[in-house]
file my_file-v3.cif (mmCIF, C-alpha atoms)
data_run
loop_
_atom_site.label_atom_id
_atom_site.label_comp_id
_atom_site.auth_asym_id
_atom_site.auth_seq_id
_atom_site.Cartn_x
_atom_site.Cartn_y
_atom_site.Cartn_z
CA MET N 1 58.29 -65.51 159.30
CA THR N 2 57.76 -68.28 156.70
CA ASN N 3 56.07 -68.47 153.30
CA GLU N 4 53.06 -70.08 155.00
CA ASP N 5 52.67 -67.04 157.30
CA VAL N 6 52.82 -64.70 154.29
CA GLU N 7 50.30 -66.92 152.50
CA LYS N 8 47.88 -66.75 155.48
CA ILE N 9 48.10 -62.96 155.67
CA LEU N 10 47.59 -62.61 151.91
CA GLN N 11 44.57 -64.94 152.04
CA SER N 12 42.96 -63.01 154.88
CA THR N 13 43.50 -59.57 153.31
CA SER N 14 42.40 -60.61 149.81
CA LYS N 15 38.92 -61.60 151.01
CA VAL N 16 37.83 -57.97 151.45
CA ALA N 17 36.39 -57.06 148.01
CA PRO N 18 34.98 -53.59 147.30
CA PRO N 19 31.42 -53.83 145.94
CA VAL N 20 30.67 -52.86 142.35
CA ASP N 21 27.73 -50.56 141.73
CA PRO N 22 24.82 -52.81 140.60
CA ALA N 23 23.66 -50.03 138.25
CA LEU N 24 27.03 -50.23 136.48
CA LEU N 25 26.69 -54.00 136.01
CA GLU N 26 23.18 -53.52 134.67
CA ARG N 27 24.43 -50.84 132.28
CA ILE N 28 27.20 -53.15 131.01
CA ALA N 29 24.82 -56.07 130.42
CA GLY N 30 22.36 -53.68 128.78
CA SER N 31 25.00 -52.28 126.42
CA ILE N 32 25.85 -55.80 125.24
CA GLN N 33 22.28 -56.96 124.67
CA PRO N 34 21.45 -55.05 121.42
CA SER N 35 24.41 -56.53 119.51
CA LEU N 36 24.22 -60.02 121.01
CA GLN N 37 24.42 -62.53 118.16
CA PRO N 38 25.68 -66.13 118.09
CA VAL N 39 29.35 -66.30 117.06
CA ARG N 40 31.50 -69.13 115.73
CA PRO N 41 34.62 -69.74 117.89
CA LEU N 42 38.02 -69.65 116.20
CA LEU N 43 39.34 -72.85 114.63
CA PRO N 44 41.67 -75.04 116.76
CA THR N 45 45.30 -73.93 117.02
CA TRP N 46 46.63 -76.90 115.04
CA VAL N 47 44.31 -76.15 112.10
CA LEU N 48 45.37 -72.48 112.01
CA THR N 49 49.06 -73.41 112.39
CA GLY N 50 48.75 -75.96 109.57
CA GLY N 51 47.02 -73.37 107.41
CA LEU N 52 49.81 -70.85 108.01
CA ALA N 53 52.48 -73.45 107.16
CA VAL N 54 50.65 -74.34 103.93
CA ILE N 55 50.40 -70.64 102.97
CA CYS N 56 54.14 -70.14 103.56
CA ALA N 57 55.08 -73.24 101.57
CA ALA N 58 52.70 -72.36 98.73
CA VAL N 59 53.95 -68.76 98.45
CA ALA N 60 57.63 -69.82 98.54
CA VAL N 61 57.20 -72.64 95.98
CA THR N 62 55.08 -70.48 93.65
CA ALA N 63 57.64 -67.66 93.71
CA ALA N 64 60.55 -70.09 93.20
CA ALA N 65 58.69 -71.78 90.32
CA ARG N 66 58.38 -68.41 88.58
CA SER N 67 62.07 -67.52 88.99
CA GLY N 68 63.55 -71.05 88.79
CA PHE N 69 64.58 -73.76 91.28
CA HIS N 70 68.30 -73.05 90.76
CA GLY N 71 69.22 -73.34 94.43
CA ILE N 72 67.60 -76.66 95.29
CA GLU N 73 68.84 -78.20 92.01
CA LYS N 74 72.43 -77.40 93.01
CA LEU N 75 72.14 -78.62 96.64
CA ARG N 76 73.18 -82.15 97.67
CA PRO N 77 70.28 -84.34 98.93
CA TRP N 78 71.42 -84.35 102.57
CA ASP N 79 71.92 -80.60 102.54
CA CYS N 80 68.38 -80.26 101.16
CA VAL N 81 67.01 -82.42 103.96
CA LEU N 82 68.93 -80.45 106.60
CA ILE N 83 67.97 -76.98 105.34
CA PHE N 84 64.32 -77.63 104.54
CA SER N 85 63.60 -79.67 107.65
CA ALA N 86 65.05 -76.83 109.78
CA LEU N 87 62.91 -74.34 107.87
CA ALA N 88 59.80 -76.53 108.25
CA VAL N 89 60.28 -76.77 112.03
CA LEU N 90 60.82 -73.01 112.29
CA VAL N 91 57.75 -72.23 110.14
CA CYS N 92 55.58 -74.50 112.33
CA ALA N 93 56.98 -72.95 115.54
CA ALA N 94 56.44 -69.42 114.18
CA GLY N 95 52.93 -70.31 113.00
CA ARG N 96 52.06 -71.78 116.40
CA GLU N 97 53.41 -68.71 118.17
CA PHE N 98 51.57 -66.34 115.80
CA VAL N 99 48.27 -68.11 116.50
CA SER N 100 48.95 -67.94 120.27
CA GLN N 101 49.59 -64.22 120.01
CA LEU N 102 46.17 -63.73 118.43
CA ILE N 103 44.18 -65.67 121.04
CA PRO N 104 43.96 -64.00 124.47
CA GLY N 105 44.99 -66.22 127.36
CA SER N 106 46.80 -68.78 125.18
CA ARG N 107 49.75 -70.76 126.42
CA GLN N 108 52.95 -69.09 125.14
CA SER N 109 55.39 -71.74 124.02
CA LEU N 110 58.35 -69.56 123.05
CA GLY N 111 57.62 -65.84 123.15
CA ALA N 112 58.15 -63.49 120.22
CA GLY N 113 61.70 -62.41 121.11
CA SER N 114 62.89 -65.95 121.82
CA LEU N 115 61.37 -67.16 118.56
CA LEU N 116 63.37 -64.58 116.62
CA ILE N 117 66.62 -65.39 118.43
CA ILE N 118 66.13 -69.16 118.08
CA GLY N 119 65.15 -68.75 114.41
CA CYS N 120 68.28 -66.75 113.55
CA THR N 121 70.50 -69.15 115.53
CA VAL N 122 69.07 -72.25 113.83
CA LEU N 123 69.43 -70.70 110.38
CA LEU N 124 73.00 -69.55 111.04
CA GLY N 125 73.92 -72.99 112.45
CA THR N 126 72.37 -74.89 109.54
CA PHE N 127 73.85 -72.63 106.86
CA SER N 128 77.32 -72.73 108.41
CA LEU N 129 77.16 -76.56 108.35
CA VAL N 130 76.09 -76.73 104.70
CA PHE N 131 77.92 -73.90 102.92
CA ARG N 132 81.74 -73.99 102.91
CA ASP N 133 82.67 -71.66 100.03
CA TYR N 134 84.27 -68.67 101.78
CA ARG N 135 84.69 -66.39 98.75
CA THR N 136 82.92 -63.01 98.83
CA ASP N 137 82.38 -62.15 95.14
CA HIS N 138 79.67 -59.51 94.58
CA PHE N 139 78.96 -59.65 98.29
CA ILE N 140 76.99 -56.39 98.53
CA SER N 141 75.22 -56.30 95.14
CA ALA N 142 74.15 -59.96 95.14
CA GLY N 143 73.28 -59.77 98.83
CA ILE N 144 71.03 -56.75 98.54
CA ALA N 145 69.21 -58.38 95.60
CA CYS N 146 68.53 -61.50 97.71
CA LEU N 147 67.49 -59.47 100.77
CA ARG N 148 65.09 -57.41 98.65
CA THR N 149 63.61 -60.54 97.00
CA GLY N 150 63.13 -62.24 100.37
CA ILE N 151 61.44 -59.22 101.96
CA LEU N 152 59.23 -58.55 98.93
CA LEU N 153 58.07 -62.16 99.07
CA ALA N 154 57.35 -61.82 102.78
CA VAL N 155 54.69 -59.21 101.97
CA PRO N 156 52.20 -61.53 100.20
CA ALA N 157 52.94 -64.26 102.75
CA ALA N 158 52.12 -61.83 105.58
CA VAL N 159 48.93 -60.63 103.88
CA LEU N 160 47.66 -64.17 103.25
CA SER N 161 48.58 -65.24 106.81
CA TRP N 162 46.71 -62.25 108.21
CA LEU N 163 43.65 -63.15 106.11
CA LEU N 164 43.63 -66.60 107.70
CA VAL N 165 43.89 -65.36 111.30
CA ARG N 166 42.17 -61.98 110.91
CA ARG N 167 39.43 -62.89 113.43
CA GLY N 168 42.03 -63.14 116.19
CA PHE N 169 42.70 -60.43 118.76
CA ALA N 170 46.27 -59.43 119.56
CA VAL N 171 46.68 -58.61 123.24
CA ASN N 172 50.21 -57.46 122.41
CA PRO N 173 50.15 -55.98 118.88
CA VAL N 174 53.94 -55.43 118.72
CA ALA N 175 54.72 -59.04 119.67
CA ALA N 176 52.02 -60.31 117.28
CA GLY N 177 53.46 -58.15 114.48
CA LEU N 178 56.98 -59.39 115.23
CA THR N 179 55.88 -63.03 115.16
CA GLY N 180 53.83 -62.55 111.97
CA GLY N 181 56.79 -60.76 110.36
CA ALA N 182 59.12 -63.57 111.40
CA LEU N 183 56.78 -66.15 109.87
CA ALA N 184 56.61 -64.19 106.62
CA GLY N 185 60.39 -63.74 106.71
CA LEU N 186 60.84 -67.52 107.00
CA CYS N 187 58.74 -67.83 103.84
CA GLY N 188 61.18 -65.42 102.15
CA VAL N 189 64.18 -67.47 103.34
CA THR N 190 62.56 -70.69 102.07
CA MET N 191 62.07 -69.15 98.65
CA LEU N 192 65.72 -67.97 98.58
CA GLU N 193 66.96 -71.49 99.43
CA LEU N 194 64.85 -72.90 96.60
CA HIS N 195 65.94 -70.28 94.11
CA CYS N 196 69.33 -68.68 94.91
CA PRO N 197 72.30 -70.47 93.26
CA ASP N 198 74.89 -68.35 95.12
CA PHE N 199 76.42 -70.80 97.63
CA GLN N 200 79.07 -68.51 99.10
CA ALA N 201 78.90 -69.03 102.86
CA LEU N 202 78.97 -65.36 103.84
CA HIS N 203 76.32 -64.47 101.27
CA VAL N 204 73.89 -67.05 102.66
CA LEU N 205 74.81 -66.46 106.32
CA VAL N 206 74.44 -62.69 106.15
CA TRP N 207 71.88 -61.85 103.50
CA HIS N 208 69.56 -64.87 103.51
CA THR N 209 69.42 -64.97 107.31
CA ALA N 210 68.90 -61.18 107.44
CA VAL N 211 65.49 -61.59 105.77
CA LEU N 212 64.15 -63.07 109.03
CA PRO N 213 65.03 -60.26 111.50
CA VAL N 214 64.36 -57.46 108.98
CA SER N 215 60.94 -58.86 108.19
CA ALA N 216 60.21 -59.39 111.91
CA VAL N 217 61.14 -55.79 112.71
CA ILE N 218 58.92 -54.52 109.86
CA GLY N 219 56.09 -56.67 111.28
CA ALA N 220 56.61 -55.30 114.79
CA LEU N 221 56.61 -51.70 113.51
CA THR N 222 53.44 -52.39 111.51
CA GLY N 223 51.75 -53.85 114.61
CA TRP N 224 52.81 -50.85 116.67
CA ALA N 225 51.64 -48.32 114.05
CA LEU N 226 48.27 -50.03 113.50
CA HIS N 227 47.65 -50.24 117.23
CA ARG N 228 48.60 -46.61 117.79
CA ARG N 229 46.20 -45.57 115.03
CA THR N 230 43.32 -47.52 116.47
CA THR N 231 43.85 -46.26 120.05
CA MET R 232 30.94 -78.69 138.76
CA ASN R 233 33.58 -76.18 139.89
CA SER R 234 33.60 -72.43 139.30
CA GLY R 235 35.89 -72.67 136.23
CA ASP R 236 33.61 -75.21 134.51
CA ASP R 237 30.64 -73.03 135.34
CA LEU R 238 32.26 -70.00 133.71
CA ASN R 239 33.19 -72.17 130.70
CA THR R 240 29.55 -73.16 130.28
CA LEU R 241 28.42 -69.55 130.60
CA MET R 242 30.98 -68.47 127.97
CA GLY R 243 29.69 -71.17 125.62
CA ARG R 244 26.15 -69.90 126.08
CA TYR R 245 27.34 -66.30 125.63
CA GLN R 246 28.89 -67.28 122.29
CA ALA R 247 25.57 -68.89 121.36
CA GLY R 248 23.81 -65.55 121.99
CA ASP R 249 22.13 -66.25 125.35
CA PHE R 250 21.52 -62.97 127.22
CA ALA R 251 20.95 -64.68 130.59
CA ALA R 252 24.50 -66.06 130.33
CA VAL R 253 25.86 -62.57 129.60
CA ALA R 254 24.13 -61.13 132.67
CA ALA R 255 25.43 -64.00 134.83
CA LEU R 256 28.98 -63.58 133.50
CA VAL R 257 28.89 -59.82 134.09
CA ASP R 258 27.74 -60.41 137.67
CA ARG R 259 30.31 -63.13 138.35
CA VAL R 260 33.44 -61.75 136.71
CA SER R 261 33.03 -57.97 137.07
CA PRO R 262 33.85 -57.70 140.82
CA GLN R 263 37.24 -59.39 140.23
CA LEU R 264 38.03 -57.28 137.18
CA HIS R 265 36.87 -54.12 138.94
CA ARG R 266 39.16 -54.84 141.85
CA PHE R 267 42.00 -55.52 139.41
CA PHE R 268 41.47 -52.02 137.96
CA VAL R 269 40.84 -50.22 141.27
CA ALA R 270 44.14 -51.55 142.57
CA GLN R 271 46.01 -50.15 139.62
CA THR R 272 44.30 -46.87 138.81
CA ALA R 273 43.53 -45.80 142.41
CA ILE R 274 40.61 -43.75 141.03
CA ARG R 275 37.27 -45.51 141.25
CA SER R 276 35.61 -43.72 138.34
CA ASP R 277 38.54 -44.75 136.11
CA ALA R 278 38.07 -48.35 137.25
CA ASP R 279 34.37 -48.15 136.33
CA ASP R 280 35.24 -46.82 132.86
CA LEU R 281 37.90 -49.51 132.40
CA LEU R 282 35.44 -52.21 133.42
CA GLN R 283 32.90 -51.00 130.84
CA GLU R 284 35.58 -50.76 128.16
CA THR R 285 36.79 -54.25 129.00
CA TRP R 286 33.31 -55.70 128.60
CA LEU R 287 32.85 -53.94 125.28
CA ARG R 288 36.12 -55.42 124.07
CA ILE R 289 35.25 -58.83 125.47
CA HIS R 290 31.99 -58.63 123.55
CA ARG R 291 33.78 -57.68 120.32
CA VAL R 292 36.28 -60.53 120.52
CA ARG R 293 34.13 -63.18 122.25
CA HIS R 294 34.68 -65.55 119.31
CA THR R 295 38.39 -65.81 120.27
CA TYR R 296 37.46 -67.81 123.38
CA ARG R 297 37.53 -71.52 122.61
CA PRO R 298 35.36 -73.89 124.62
CA GLY R 299 37.39 -76.03 127.00
CA GLU R 300 40.20 -73.50 127.45
CA PRO R 301 40.60 -71.81 130.88
CA VAL R 302 38.28 -68.82 130.90
CA LEU R 303 39.80 -66.53 133.55
CA PRO R 304 43.15 -66.06 131.74
CA TRP R 305 41.17 -65.06 128.65
CA PHE R 306 39.28 -62.36 130.62
CA TYR R 307 42.40 -61.11 132.36
CA ALA R 308 44.49 -61.01 129.17
CA ILE R 309 41.89 -58.67 127.63
CA ALA R 310 41.60 -56.63 130.85
CA ARG R 311 45.39 -56.17 130.92
CA ARG R 312 45.33 -54.92 127.32
CA VAL R 313 42.56 -52.42 128.14
CA ARG R 314 44.52 -51.22 131.16
CA ILE R 315 47.73 -50.77 129.13
CA ASP R 316 45.88 -48.81 126.44
CA HIS R 317 44.27 -46.64 129.10
CA TYR R 318 47.61 -46.05 130.81
CA ARG R 319 49.24 -44.98 127.54
CA ARG R 320 46.38 -42.64 126.66
CA ALA R 321 46.40 -41.21 130.18
CA SER R 322 50.16 -40.67 130.21
CA ARG R 323 49.93 -38.77 126.90
CA THR R 324 47.11 -36.60 128.29
CA THR R 325 48.90 -36.09 131.62
CA ALA R 326 52.07 -35.00 129.84
CA ARG R 327 50.08 -32.43 127.85
CA GLU R 328 48.25 -31.20 130.98
CA ARG R 329 51.51 -30.96 132.89
CA ARG R 330 53.00 -28.80 130.16
CA LEU R 331 49.94 -26.52 130.34
CA GLU R 332 50.09 -26.36 134.15
CA GLU R 333 53.78 -25.55 134.06
CA ALA R 334 53.11 -22.82 131.54
CA ALA R 335 50.40 -21.39 133.81
CA GLY R 336 52.55 -21.87 136.94
CA MET R 337 50.12 -24.13 138.78
CA THR R 338 50.07 -27.73 139.98
CA VAL R 339 47.10 -29.90 140.83
CA THR R 340 47.23 -32.75 143.33
CA PRO R 341 44.34 -35.21 142.87
CA PRO R 342 42.38 -35.83 146.11
CA PRO R 343 42.54 -39.33 147.59
CA GLU R 344 39.58 -41.44 146.44
CA GLU R 345 37.38 -43.81 148.33
CA GLY R 346 38.67 -47.38 147.99
CA GLN R 347 42.33 -46.41 148.21
CA GLY R 348 44.45 -48.13 150.83
CA GLU R 349 42.80 -51.55 150.71
CA ASP R 350 44.49 -54.02 153.03
CA LEU R 351 45.89 -56.21 150.28
CA GLU R 352 47.10 -53.21 148.31
CA THR R 353 48.88 -51.72 151.32
CA LEU R 354 50.54 -55.05 151.84
CA LEU R 355 51.59 -55.34 148.21
CA ALA R 356 52.69 -51.71 147.88
CA PRO R 357 56.46 -52.35 148.22
CA LEU R 358 56.44 -54.94 145.40
CA SER R 359 57.12 -54.26 141.72
CA ASP R 360 54.15 -53.79 139.33
CA SER R 361 54.51 -57.24 137.79
CA GLN R 362 54.84 -58.98 141.19
CA ARG R 363 51.74 -57.14 142.49
CA GLU R 364 49.76 -58.03 139.38
CA ILE R 365 50.62 -61.71 139.67
CA LEU R 366 49.81 -61.91 143.39
CA ARG R 367 46.48 -60.14 142.79
CA MET R 368 45.56 -62.66 140.10
CA MET R 369 46.48 -65.55 142.35
CA LYS R 370 44.94 -64.29 145.60
CA VAL R 371 41.93 -62.29 144.39
CA ALA R 372 40.93 -64.26 141.29
CA GLY R 373 42.22 -67.56 142.67
CA MET R 374 44.09 -68.37 139.46
CA SER R 375 46.73 -71.11 139.24
CA LEU R 376 50.34 -70.49 138.12
CA GLU R 377 49.49 -71.89 134.68
CA GLU R 378 46.47 -69.56 134.36
CA VAL R 379 48.47 -66.51 135.47
CA ALA R 380 51.15 -67.44 132.92
CA ARG R 381 48.51 -67.54 130.19
CA ALA R 382 46.94 -64.23 131.26
CA THR R 383 50.28 -62.41 131.37
CA SER R 384 51.80 -64.09 128.28
CA CYS R 385 54.73 -65.36 130.38
CA SER R 386 56.13 -68.81 130.96
CA VAL R 387 55.12 -70.70 134.12
CA GLY R 388 58.79 -70.60 135.21
CA SER R 389 58.84 -66.82 135.00
CA VAL R 390 55.63 -66.54 137.05
CA LYS R 391 57.05 -68.92 139.67
CA GLN R 392 60.20 -66.82 139.91
CA LYS R 393 58.20 -63.59 140.37
CA VAL R 394 56.02 -65.18 143.07
CA HIS R 395 59.11 -66.48 144.85
CA ARG R 396 60.73 -63.02 144.81
CA ALA R 397 57.49 -61.35 145.92
CA TYR R 398 57.17 -63.73 148.89
CA GLN R 399 60.79 -63.20 149.82
CA ASN R 400 60.29 -59.43 149.71
CA LEU R 401 57.08 -59.60 151.78
CA ARG R 402 58.67 -61.97 154.29
CA ASP R 403 61.62 -59.63 154.81
CA ARG R 404 59.38 -56.58 155.21
CA MET R 405 56.94 -58.27 157.56
CA THR R 406 59.78 -59.50 159.74
CA VAL R 407 61.15 -55.95 159.99
CA MET R 408 57.74 -54.23 160.45
CA GLY R 409 56.25 -56.63 163.00
CA PRO R 410 52.69 -57.93 163.25
CA LYS R 411 50.98 -54.61 164.19
CA SER R 412 51.62 -52.76 160.95
CA ARG R 413 51.38 -55.77 158.61
CA SER R 414 48.03 -54.86 157.16
CA GLY R 415 48.79 -51.14 157.24
CA ARG R 416 46.22 -50.55 160.05
CA GLU R 417 46.25 -50.47 163.82
CA THR R 418 44.43 -53.42 165.35
CA PRO R 419 41.52 -52.12 167.51
#

call {"tool": "encode", "arguments": {"input": "my_file-v3.cif", "output": "structure tokens"}}
result
Amino acid sequence: MTNEDVEKILQSTSKVAPPVDPALLERIAGSIQPSLQPVRPLLPTWVLTGGLAVICAAVAVTAAARSGFHGIEKLRPWDCVLIFSALAVLVCAAGREFVSQLIPGSRQSLGAGSLLIIGCTVLLGTFSLVFRDYRTDHFISAGIACLRTGILLAVPAAVLSWLLVRRGFAVNPVAAGLTGGALAGLCGVTMLELHCPDFQALHVLVWHTAVLPVSAVIGALTGWALHRRTT
Amino acid sequence: MNSGDDLNTLMGRYQAGDFAAVAALVDRVSPQLHRFFVAQTAIRSDADDLLQETWLRIHRVRHTYRPGEPVLPWFYAIARRVRIDHYRRASRTTARERRLEEAAGMTVTPPPEEGQGEDLETLLAPLSDSQREILRMMKVAGMSLEEVARATSCSVGSVKQKVHRAYQNLRDRMTVMGPKSRSGRETP
């Protein structure tokens, strides 16, 4: 028995289709008719992705402007290029993935789980290349302050992002929530890199990076809770 | 013009508010979706309800279809969501009913429904849920690997791997069972 034999058998058996009651089809078409109005299709993926990236950048820069650009002022130019180009790529990838999650039948480039893993790995790799001060002064207190700031900033970023893509439809609300949370978390990390002057390697590796998974998990839980409420 | 282009045009007209296009789409796509549900719920009335619910949801989110994109993955992605929601609701209800039955010391076995034991379904029975779903999309709806990947939110590589495993499984079983019982029926 070969694959071709299996293929032939599958083809022959799949031709037998059970009929659908014509009255049911009529009822379906009839139920749609009263509310049939012209609709405007969603904007192209690249426009929505660009919009999400602009929102993230605007929120992070605005927040850093209010609390001071102490981090970026202290960074060397090449370190700036490395960190912010990595963040820009991740924000675009997360934005693209978020838009895909909200359009049924879209091509999935990464997947929500892979995006989170790749995001954390890229951040950890970049930070470990740039930061070489291995002291751990005020590790917990300073770390919790940064984590809180990052997550609090992710909230407005998530709300504004949702406003932009609110016409979408999540076929997997948990994955959509996780991706949206990750995108908002990246906004929080960007703000911390602009603002935080604490360059101790462990502080940045643990607490700055933690904003991404924590925010993604909060997003996933929100997606799950909202979906459960609506169904 | 092939069938996919035709459905694309109908979707465009549906978005523009043309009722004739809606009726044509319902006629064209419903048999496939209905079969997709019948195969998974085994109860025909449930499949009818799921089909209606799917169309209501399709109608609510019709703006998320973008002209030029493959249309069948869009329909199937929504149908899968409706099926998952139904399954979750049903499993919650079944768990409650089971508790009540256990308390009353009785069990109920649902009678077999008409439409159960279709040839393709009998053939696919030994496969896993995801393998069956993918083969149904490919053989019944005639979707490509890329379209199935879009409908199931998987990568093309993952779909290919599932198809390969499904074929391997079917090949092994058919070799063991012989030609008589392949379709699950005696040949007259």

call {"tool": "residues_around", "arguments": {"input": "my_file-v3.cif", "residues": "Ala53 (chain N)", "least_positions_apart": "6", "cutoff": "7 Å", "atoms": "all atoms listed in the file", "output": "list in words"}}
result
Val91, Cys92 and Gly95 of chain N

call {"tool": "resolve_selection", "arguments": {"input": "my_file-v3.cif", "expression": "the PyMOL selection byres ((chain R and resi 304) around 7)", "output": "mmCIF file with C-alpha atoms, in the frame of the given file"}}
result
data_model
loop_
_atom_site.group_PDB
_atom_site.id
_atom_site.type_symbol
_atom_site.label_atom_id
_atom_site.label_comp_id
_atom_site.auth_asym_id
_atom_site.auth_seq_id
_atom_site.Cartn_x
_atom_site.Cartn_y
_atom_site.Cartn_z
ATOM 1 C CA GLY N 105 44.990 -66.220 127.360
ATOM 2 C CA PRO R 301 40.600 -71.810 130.880
ATOM 3 C CA VAL R 302 38.280 -68.820 130.900
ATOM 4 C CA LEU R 303 39.800 -66.530 133.550
ATOM 5 C CA TRP R 305 41.170 -65.060 128.650
ATOM 6 C CA PHE R 306 39.280 -62.360 130.620
ATOM 7 C CA TYR R 307 42.400 -61.110 132.360
ATOM 8 C CA ALA R 308 44.490 -61.010 129.170
ATOM 9 C CA GLU R 378 46.470 -69.560 134.360
ATOM 10 C CA VAL R 379 48.470 -66.510 135.470
ATOM 11 C CA ARG R 381 48.510 -67.540 130.190
ATOM 12 C CA ALA R 382 46.940 -64.230 131.260
#

call {"tool": "interface_residues", "arguments": {"input": "my_file-v3.cif", "of": "chain N", "to": "chain R", "cutoff": "9 Å", "atoms": "all atoms listed in the file", "output": "NGL selection string"}}
result
:N and (1-3 or 5-7 or 9-22 or 24-33 or 35-44 or 101-111 or 167-169 or 171-172 or 231)

call {"tool": "residues_near_point", "arguments": {"input": "my_file-v3.cif", "point": "(53.4, -71.2, 114.9)", "cutoff": "9 Å", "atoms": "all atoms listed in the file", "output": "list in words"}}
result
Thr45, Trp46, Leu48, Thr49, Gly50, Leu52, Ala53, Leu90, Val91, Cys92, Ala93, Ala94, Gly95, Arg96, Glu97, Phe98, Val99, Ser100, Thr179 and Leu183 of chain N

call {"tool": "write_last_selection", "arguments": {"input": "my_file-v3.cif", "atoms": "C-alpha atoms", "output": "mmCIF file, in the coordinates of the input"}}
result
data_model
loop_
_atom_site.group_PDB
_atom_site.id
_atom_site.type_symbol
_atom_site.label_atom_id
_atom_site.label_comp_id
_atom_site.auth_asym_id
_atom_site.auth_seq_id
_atom_site.Cartn_x
_atom_site.Cartn_y
_atom_site.Cartn_z
ATOM 1 C CA THR N 45 45.300 -73.930 117.020
ATOM 2 C CA TRP N 46 46.630 -76.900 115.040
ATOM 3 C CA LEU N 48 45.370 -72.480 112.010
ATOM 4 C CA THR N 49 49.060 -73.410 112.390
ATOM 5 C CA GLY N 50 48.750 -75.960 109.570
ATOM 6 C CA LEU N 52 49.810 -70.850 108.010
ATOM 7 C CA ALA N 53 52.480 -73.450 107.160
ATOM 8 C CA LEU N 90 60.820 -73.010 112.290
ATOM 9 C CA VAL N 91 57.750 -72.230 110.140
ATOM 10 C CA CYS N 92 55.580 -74.500 112.330
ATOM 11 C CA ALA N 93 56.980 -72.950 115.540
ATOM 12 C CA ALA N 94 56.440 -69.420 114.180
ATOM 13 C CA GLY N 95 52.930 -70.310 113.000
ATOM 14 C CA ARG N 96 52.060 -71.780 116.400
ATOM 15 C CA GLU N 97 53.410 -68.710 118.170
ATOM 16 C CA PHE N 98 51.570 -66.340 115.800
ATOM 17 C CA VAL N 99 48.270 -68.110 116.500
ATOM 18 C CA SER N 100 48.950 -67.940 120.270
ATOM 19 C CA THR N 179 55.880 -63.030 115.160
ATOM 20 C CA LEU N 183 56.780 -66.150 109.870
#

call {"tool": "residues_around", "arguments": {"input": "my_file-v3.cif", "residues": "Pro197 (chain N)", "least_positions_apart": "3", "cutoff": "10 Å", "atoms": "only C-alpha atoms", "output": "PyMOL selection string"}}
result
chain N and resi 68-75+192-194+200

call {"tool": "atom_distance", "arguments": {"input": "my_file-v3.cif", "atom1": "CA of Ala112 (chain N)", "atom2": "CA of His227 (chain N)"}}
result
17.2 Å

call {"tool": "residues_near_point", "arguments": {"input": "my_file-v3.cif", "point": "(76.1, -72.2, 102.9)", "cutoff": "10 Å", "atoms": "only C-alpha atoms", "output": "tab-separated table (two decimals) with C-alpha atoms, in the coordinates of the input"}}
result
chain	number	residue	atom	x	y	z
N	75	LEU	CA	72.14	-78.62	96.64
N	79	ASP	CA	71.92	-80.60	102.54
N	83	ILE	CA	67.97	-76.98	105.34
N	124	LEU	CA	73.00	-69.55	111.04
N	125	GLY	CA	73.92	-72.99	112.45
N	126	THR	CA	72.37	-74.89	109.54
N	127	PHE	CA	73.85	-72.63	106.86
N	128	SER	CA	77.32	-72.73	108.41
N	129	LEU	CA	77.16	-76.56	108.35
N	130	VAL	CA	76.09	-76.73	104.70
N	131	PHE	CA	77.92	-73.90	102.92
N	132	ARG	CA	81.74	-73.99	102.91
N	133	ASP	CA	82.67	-71.66	100.03
N	134	TYR	CA	84.27	-68.67	101.78
N	193	GLU	CA	66.96	-71.49	99.43
N	198	ASP	CA	74.89	-68.35	95.12
N	199	PHE	CA	76.42	-70.80	97.63
N	200	GLN	CA	79.07	-68.51	99.10
N	201	ALA	CA	78.90	-69.03	102.86
N	202	LEU	CA	78.97	-65.36	103.84
N	203	HIS	CA	76.32	-64.47	101.27
N	204	VAL	CA	73.89	-67.05	102.66
N	205	LEU	CA	74.81	-66.46	106.32
N	208	HIS	CA	69.56	-64.87	103.51

call {"tool": "atom_distance", "arguments": {"input": "my_file-v3.cif", "atom1": "CA of Ala176 (chain N)", "atom2": "CA of Leu281 (chain R)"}}
result
23.3 Å

call {"tool": "residues_around", "arguments": {"input": "my_file-v3.cif", "residues": "Cys146 (chain N)", "least_positions_apart": "3", "cutoff": "8 Å", "atoms": "all atoms listed in the file", "output": "PyMOL selection string"}}
result
chain N and resi 142-143+149-150+192+196+207-208

call {"tool": "atom_distance", "arguments": {"input": "my_file-v3.cif", "atom1": "CA of Val174 (chain N)", "atom2": "CA of Leu226 (chain N)"}}
result
9.4 Å

call {"tool": "closest_residue", "arguments": {"input": "my_file-v3.cif", "among": "R:Ala397, R:Leu241, R:Ala278, R:Ala321", "to": "Glu364 (chain R)", "atoms": "all atoms listed in the file"}}
result
R:Ala397

call {"tool": "resolve_selection", "arguments": {"input": "my_file-v3.cif", "expression": "the PyMOL selection byres ((chain N and resi 56) around 9)", "output": "list in words"}}
result
Gly51, Leu52, Ala53, Val54, Ile55, Ala57, Ala58, Val59, Ala60, Val61, Val91, Ala154, Ala157, Ala158, Leu160, Ser161, Leu183, Ala184, Leu186, Cys187, Gly188 and Thr190 of chain N

call {"tool": "closest_residue", "arguments": {"input": "my_file-v3.cif", "among": "N:Ala145, N:Ala225, N:Leu116, N:Val189", "to": "Ala88 (chain N)", "atoms": "all atoms listed in the file"}}
result
N:Val189

call {"tool": "closest_residue", "arguments": {"input": "my_file-v3.cif", "among": "N:Lys8, N:Pro34, N:Ala23, N:His195", "to": "Ala63 (chain N)", "atoms": "all atoms listed in the file"}}
result
N:His195

call {"tool": "closest_residue", "arguments": {"input": "my_file-v3.cif", "among": "R:Leu264, R:Met368, R:Leu376, R:Met242", "to": "Gln392 (chain R)", "atoms": "all atoms listed in the file"}}
result
R:Leu376
